[in-house]
$ cat protein27.cif   # mmCIF, C-alpha atoms
data_my_file
#
loop_
_atom_site.label_atom_id
_atom_site.label_comp_id
_atom_site.auth_asym_id
_atom_site.auth_seq_id
_atom_site.Cartn_x
_atom_site.Cartn_y
_atom_site.Cartn_z
CA MET A 1 100.92 87.45 117.57
CA ALA A 2 104.61 88.31 117.83
CA THR A 3 106.91 86.81 115.25
CA SER A 4 110.34 85.50 116.10
CA THR A 5 113.65 86.09 114.38
CA TYR A 6 115.61 83.76 116.64
CA VAL A 7 115.25 80.38 118.30
CA LEU A 8 117.19 79.08 121.32
CA ARG A 9 117.94 75.36 121.39
CA LEU A 10 119.63 72.91 123.72
CA ILE A 11 121.20 69.94 121.93
CA LYS A 12 122.98 67.06 123.68
CA ASP A 13 125.75 65.16 121.90
CA VAL A 14 127.00 61.86 123.34
CA PHE A 15 130.44 60.89 122.00
CA SER A 16 131.90 57.41 121.96
CA PRO A 17 135.61 57.23 122.88
CA HIS A 18 137.80 59.05 120.33
CA ALA A 19 134.81 60.08 118.18
CA VAL A 20 135.37 63.18 116.04
CA SER A 21 132.44 65.34 114.95
CA LYS A 22 131.71 66.99 111.67
CA ARG A 23 132.51 70.69 111.69
CA LEU A 24 129.83 72.77 113.36
CA PRO A 25 129.01 76.03 111.54
CA ASP A 26 129.73 79.53 112.83
CA GLY A 27 127.07 80.80 115.21
CA TYR A 28 126.14 81.93 118.70
CA ARG A 29 126.88 78.88 120.83
CA ILE A 30 127.50 77.94 124.47
CA VAL A 31 129.26 74.58 124.84
CA TYR A 32 129.27 72.77 128.19
CA CYS A 33 130.98 69.49 129.05
CA ASN A 34 128.71 67.34 131.20
CA ALA A 35 130.98 64.28 131.21
CA GLY A 36 134.24 62.98 129.76
CA ASP A 37 136.74 65.23 128.06
CA LEU A 38 136.31 67.07 124.78
CA SER A 39 138.79 69.02 122.67
CA PHE A 40 138.45 71.53 119.84
CA GLU A 41 140.50 72.56 116.84
CA GLY A 42 143.57 74.37 118.07
CA GLY A 43 143.98 72.07 121.06
CA SER A 44 141.70 73.72 123.63
CA VAL A 45 140.07 71.23 125.99
CA LEU A 46 136.72 71.30 127.77
CA GLN A 47 136.69 69.37 131.05
CA PRO A 48 133.56 68.31 132.99
CA ASP A 49 131.62 71.28 134.37
CA GLU A 50 133.37 73.77 132.08
CA ALA A 51 131.60 75.98 129.55
CA ARG A 52 132.53 78.62 127.00
CA PHE A 53 131.01 80.88 124.37
CA MET A 54 132.09 80.12 120.80
CA ARG A 55 131.27 82.08 117.63
CA SER A 56 133.49 80.30 115.14
CA GLY A 57 132.72 76.87 113.75
CA MET A 58 134.69 73.89 114.97
CA ALA A 59 134.94 70.12 115.12
CA VAL A 60 134.88 68.34 118.49
CA ARG A 61 136.95 65.31 119.50
CA ALA A 62 136.27 63.06 122.48
CA GLY A 63 139.01 61.53 124.62
CA THR A 64 139.49 57.97 125.80
CA GLU A 65 136.33 58.02 127.92
CA GLY A 66 134.05 59.62 125.34
CA GLY A 67 132.05 62.61 126.45
CA GLU A 68 128.72 64.38 126.66
CA LEU A 69 128.43 67.87 125.22
CA TRP A 70 125.53 70.19 125.96
CA ARG A 71 125.30 72.97 123.37
CA TRP A 72 122.93 75.88 123.56
CA GLU A 73 122.58 77.55 120.17
CA LEU A 74 120.92 80.84 119.27
CA ASP A 75 119.98 80.71 115.62
CA GLU A 76 117.62 82.22 113.10
CA THR A 77 114.27 80.49 113.12
CA SER A 78 114.72 79.44 109.47
CA ALA A 79 118.02 77.64 110.16
CA GLU A 80 118.12 73.87 110.55
CA PRO A 81 119.85 72.58 113.70
CA GLN A 82 122.81 70.29 113.13
CA VAL A 83 122.07 66.97 114.81
CA ASP A 84 124.10 64.66 112.56
CA LEU A 85 127.63 65.05 113.84
CA GLY A 86 128.91 61.80 112.37
CA GLU A 87 129.62 58.23 113.36
CA SER A 88 129.73 57.24 117.02
CA ILE A 89 127.96 60.45 118.10
CA GLN A 90 124.33 60.48 119.22
CA SER A 91 122.66 63.90 119.13
CA GLN A 92 119.25 64.98 120.41
CA ILE A 93 117.39 68.28 120.53
CA VAL A 94 116.30 68.44 124.15
CA GLU A 95 114.57 71.83 124.09
CA SER A 96 113.85 74.36 121.35
CA ASN A 97 111.95 77.60 121.73
CA GLU A 98 111.44 80.77 119.75
CA VAL A 99 112.51 83.94 121.55
CA PRO A 100 110.31 86.74 120.15
CA THR A 101 111.73 89.28 122.61
CA VAL A 102 115.16 89.01 120.95
CA GLU A 103 115.18 90.95 117.69
CA ASN A 104 118.17 93.32 117.59
CA ILE A 105 120.95 90.94 118.60
CA GLU A 106 123.33 93.74 119.61
CA ASP A 107 120.98 94.75 122.43
CA TRP A 108 121.48 91.40 124.19
CA LEU A 109 124.04 89.28 126.01
CA ILE A 110 124.29 85.54 126.55
CA ARG A 111 124.92 84.18 130.05
CA CYS A 112 125.73 80.69 131.26
CA ASP A 113 125.77 79.86 134.94
CA SER A 114 124.71 77.17 137.37
CA VAL A 115 122.38 77.23 140.36
CA LEU A 116 123.02 74.93 143.32
CA PHE A 117 120.31 74.19 145.88
CA PRO A 118 121.12 72.54 149.22
CA THR A 119 118.93 69.62 150.24
CA GLY A 120 115.39 70.91 150.61
CA GLY A 121 116.33 74.36 149.32
CA THR A 122 113.66 76.62 147.83
CA ALA A 123 113.41 79.55 145.43
CA VAL A 124 110.75 82.15 146.19
CA PRO A 125 108.42 83.39 143.39
CA HIS A 126 110.48 85.26 140.80
CA SER A 127 111.02 85.94 137.12
CA HIS A 128 114.01 86.94 134.96
CA LEU A 129 114.77 89.76 132.55
CA GLY A 130 115.08 87.47 129.54
CA PRO A 131 114.37 83.98 128.21
CA GLY A 132 116.51 80.91 128.77
CA ILE A 133 116.82 77.14 128.90
CA ARG A 134 117.80 75.23 132.05
CA CYS A 135 118.96 71.61 132.40
CA ILE A 136 119.25 69.56 135.60
CA ARG A 137 122.70 68.11 136.22
CA ASN A 138 122.00 66.37 139.52
CA GLY A 139 119.26 66.08 142.12
CA LYS A 140 115.59 66.82 141.56
CA LEU A 141 113.69 70.10 141.32
CA THR A 142 109.97 70.75 141.55
CA LEU A 143 109.18 73.85 139.51
CA SER A 144 105.82 75.58 139.84
CA THR A 145 103.92 78.32 138.03
CA ASP A 146 100.40 79.66 138.48
CA THR A 147 99.05 76.87 136.26
CA LEU A 148 101.20 73.79 136.82
CA SER A 149 103.87 72.02 138.87
CA ARG A 150 106.42 69.59 137.46
CA ASP A 151 109.37 67.54 138.68
CA TYR A 152 112.68 67.69 136.80
CA MET A 153 115.32 64.97 137.05
CA PRO A 154 118.96 64.81 135.81
CA GLY A 155 119.05 65.46 132.07
CA ASP A 156 115.61 67.12 132.00
CA ALA A 157 115.46 70.61 130.49
CA TRP A 158 112.88 73.38 130.37
CA PHE A 159 112.38 76.83 128.86
CA GLU A 160 111.42 79.95 130.78
CA PRO A 161 110.31 82.98 128.73
CA GLY A 162 111.60 85.35 131.39
CA SER A 163 108.34 87.13 132.07
CA GLN A 164 106.68 84.18 133.80
CA THR A 165 106.75 83.93 137.59
CA VAL A 166 108.11 80.61 138.89
CA TRP A 167 109.08 79.12 142.23
CA ALA A 168 110.95 75.95 143.06
CA GLU A 169 111.72 73.34 145.71
CA ALA A 170 114.70 70.99 145.65
CA CYS A 171 114.58 67.39 146.86
CA SER A 172 115.52 66.57 150.46
CA GLN A 173 117.79 63.59 149.63
CA GLU A 174 120.68 65.40 147.89
CA CYS A 175 121.82 68.74 146.54
CA THR A 176 120.23 69.84 143.28
CA ARG A 177 122.04 71.71 140.53
CA PHE A 178 121.08 72.94 137.10
CA ILE A 179 122.95 74.66 134.28
CA ARG A 180 121.20 77.52 132.50
CA VAL A 181 121.74 79.77 129.52
CA LEU A 182 119.92 83.11 129.51
CA LEU A 183 119.51 85.84 126.91
CA LEU A 184 119.48 89.17 128.71
CA PRO A 185 119.47 92.89 127.87
CA LYS A 186 123.06 94.08 127.50
CA ASP A 187 122.83 96.49 130.43
CA VAL A 188 122.41 93.49 132.75
CA LYS A 189 126.03 92.42 132.13
CA GLY A 190 127.64 91.58 135.46
CA LYS A 191 124.35 92.08 137.32
CA SER A 192 121.60 89.84 138.64
CA SER A 193 118.77 89.14 136.19
CA ILE A 194 116.20 88.18 138.82
CA HIS A 195 112.99 90.03 139.65
CA TYR A 196 111.12 89.02 142.80
CA LEU A 197 107.34 88.90 142.82
CA ASN A 198 107.46 90.23 146.39
CA GLU A 199 110.17 92.86 146.63
CA ALA A 200 110.67 92.10 150.33
CA ASP A 201 112.13 88.72 149.30
CA ARG A 202 115.14 90.48 147.77
CA ARG A 203 116.54 91.25 151.22
CA LYS A 204 115.99 87.77 152.66
CA PRO A 205 118.86 85.24 152.87
CA LYS A 206 118.98 82.81 149.93
CA SER A 207 120.05 79.19 150.07
CA GLN A 208 121.11 78.97 146.39
CA ARG A 209 124.73 79.21 145.29
CA TYR A 210 125.77 80.35 141.82
CA LYS A 211 128.70 79.64 139.52
CA SER A 212 129.32 81.88 136.50
CA TYR A 213 130.79 80.51 133.26
CA VAL A 214 129.94 83.02 130.51
CA ASP A 215 128.59 86.60 130.39
CA GLU A 216 129.20 87.82 126.84
CA LEU A 217 127.72 90.62 124.77
CA LEU A 218 126.28 89.52 121.44
CA SER A 219 127.08 91.32 118.20
CA LEU A 220 126.75 90.83 114.47
CA LYS A 221 130.54 91.08 113.97
#
$ encode --input "protein27.cif" --output "structure tokens"
Amino acid sequence: MATSTYVLRLIKDVFSPHAVSKRLPDGYRIVYCNAGDLSFEGGSVLQPDEARFMRSGMAVRAGTEGGELWRWELDETSAEPQVDLGESIQSQIVESNEVPTVENIEDWLIRCDSVLFPTGGTAVPHSHLGPGIRCIRNGKLTLSTDTLSRDYMPGDAWFEPGSQTVWAEACSQECTRFIRVLLLPKDVKGKSSIHYLNEADRRKPKSQRYKSYVDELLSLK
């Protein structure tokens, strides 16, 4: 059985108005603002539907409306996640999975993007070149594999190891959108990570629309 050096987690932090977090440690981290407005040391601000990659530790401050932060963290399996950010902040580990394929960190990149399905949109059977965690922002998605089918609603998250073939169908009442963070081989930078089960599907029109936030090489420096 393969052992893992790293674990990928998705943690959600809900801030009351004007709440200020304890300082998060240095690490490999994608931060995404799902609601409200959030600011960091130095004055940079994260507005709703914005994301960035951060290596250095920082404290987070919410504005007058509070805020909801989604943070994907790549950490060593022995490290404890930080879920106590202080008063007036509720934190929850939504998804946590070991990533045994990721050993030499400098061979990988971290990518954050979103996938938007129109009403009733579908994704044909496919896999990806690396593992990742997705989280629904709006709508509803039915995700299927060879062994199961499950519905995901806003706030629900799931892990895909990358090698597993999946297919999906969005609800017919509204558009569906999810945010995802993937760990990919570094030579995939700027390129699609998808692999179609049936190669003929690659040339067919797709209903999904994508928005890119982060596509950064990882390093030990």
$ resolve_selection --input "protein27.cif" --expression "the PyMOL selection byres ((chain A and resi 145-156) around 10)" --output "VMD selection string"
chain A and resid 12 34 94 to 95 125 to 126 134 to 144 157 to 158 164 to 171 176 to 178
$ closest_residue --input "protein27.cif" --among "A:Val102, A:Ala51, A:Leu69, A:Leu38" --to "Leu184 (chain A)" --atoms "all atoms listed in the file"
A:Val102
$ closest_residue --input "protein27.cif" --among "A:Ile89, A:Leu183, A:Leu116, A:Leu220" --to "Arg9 (chain A)" --atoms "all atoms listed in the file"
A:Leu183
$ residues_near_point --input "protein27.cif" --point "(120.1, 78.2, 117.4)" --cutoff "9 Å" --atoms "all atoms listed in the file" --output "VMD selection string"
chain A and resid 6 to 10 27 to 29 72 to 77 79 to 81 96
$ atom_distance --input "protein27.cif" --atom1 "CA of Asp37 (chain A)" --atom2 "CA of Gly63 (chain A)"
5.5 Å
$ atom_distance --input "protein27.cif" --atom1 "CA of Cys33 (chain A)" --atom2 "CA of Ile110 (chain A)"
17.6 Å
$ residues_around --input "protein27.cif" --residues "Trp70 (chain A)" --least-positions-apart "5" --cutoff "6 Å" --atoms "all atoms listed in the file" --output "list in words"
Ile11, Lys12, Val31 and Tyr32 of chain A
$ resolve_selection --input "protein27.cif" --expression "the PyMOL selection byres ((chain A and resi 17) around 8)" --output "NGL selection string"
:A and (15-16 or 18-19 or 62-67)
$ closest_residue --input "protein27.cif" --among "A:Val99, A:Ile194, A:Glu87, A:Ser114" --to "His128 (chain A)" --atoms "all atoms listed in the file"
A:Ile194
$ residues_near_point --input "protein27.cif" --point "(125.2, 85.2, 130.9)" --cutoff "7 Å" --atoms "all atoms listed in the file" --output "list of chain:residue names"
A:Leu109, A:Ile110, A:Arg111, A:Cys112, A:Asp113, A:Val181, A:Leu182, A:Leu183, A:Val214, A:Asp215, A:Glu216
$ atom_distance --input "protein27.cif" --atom1 "CA of Gly43 (chain A)" --atom2 "CA of Ile93 (chain A)"
26.9 Å
$ closest_residue --input "protein27.cif" --among "A:Thr119, A:Gln47, A:Ser21, A:Ser39" --to "Gln90 (chain A)" --atoms "only C-alpha atoms"
A:Ser21
$ resolve_selection --input "protein27.cif" --expression "the PyMOL selection byres ((chain A and resi 4) around 7)" --output "ChimeraX atom specification"
/A:2-3,5-6,98-100
$ closest_residue --input "protein27.cif" --among "A:Leu24, A:Ala200, A:Leu217, A:Ala35" --to "Val83 (chain A)" --atoms "only C-alpha atoms"
A:Leu24
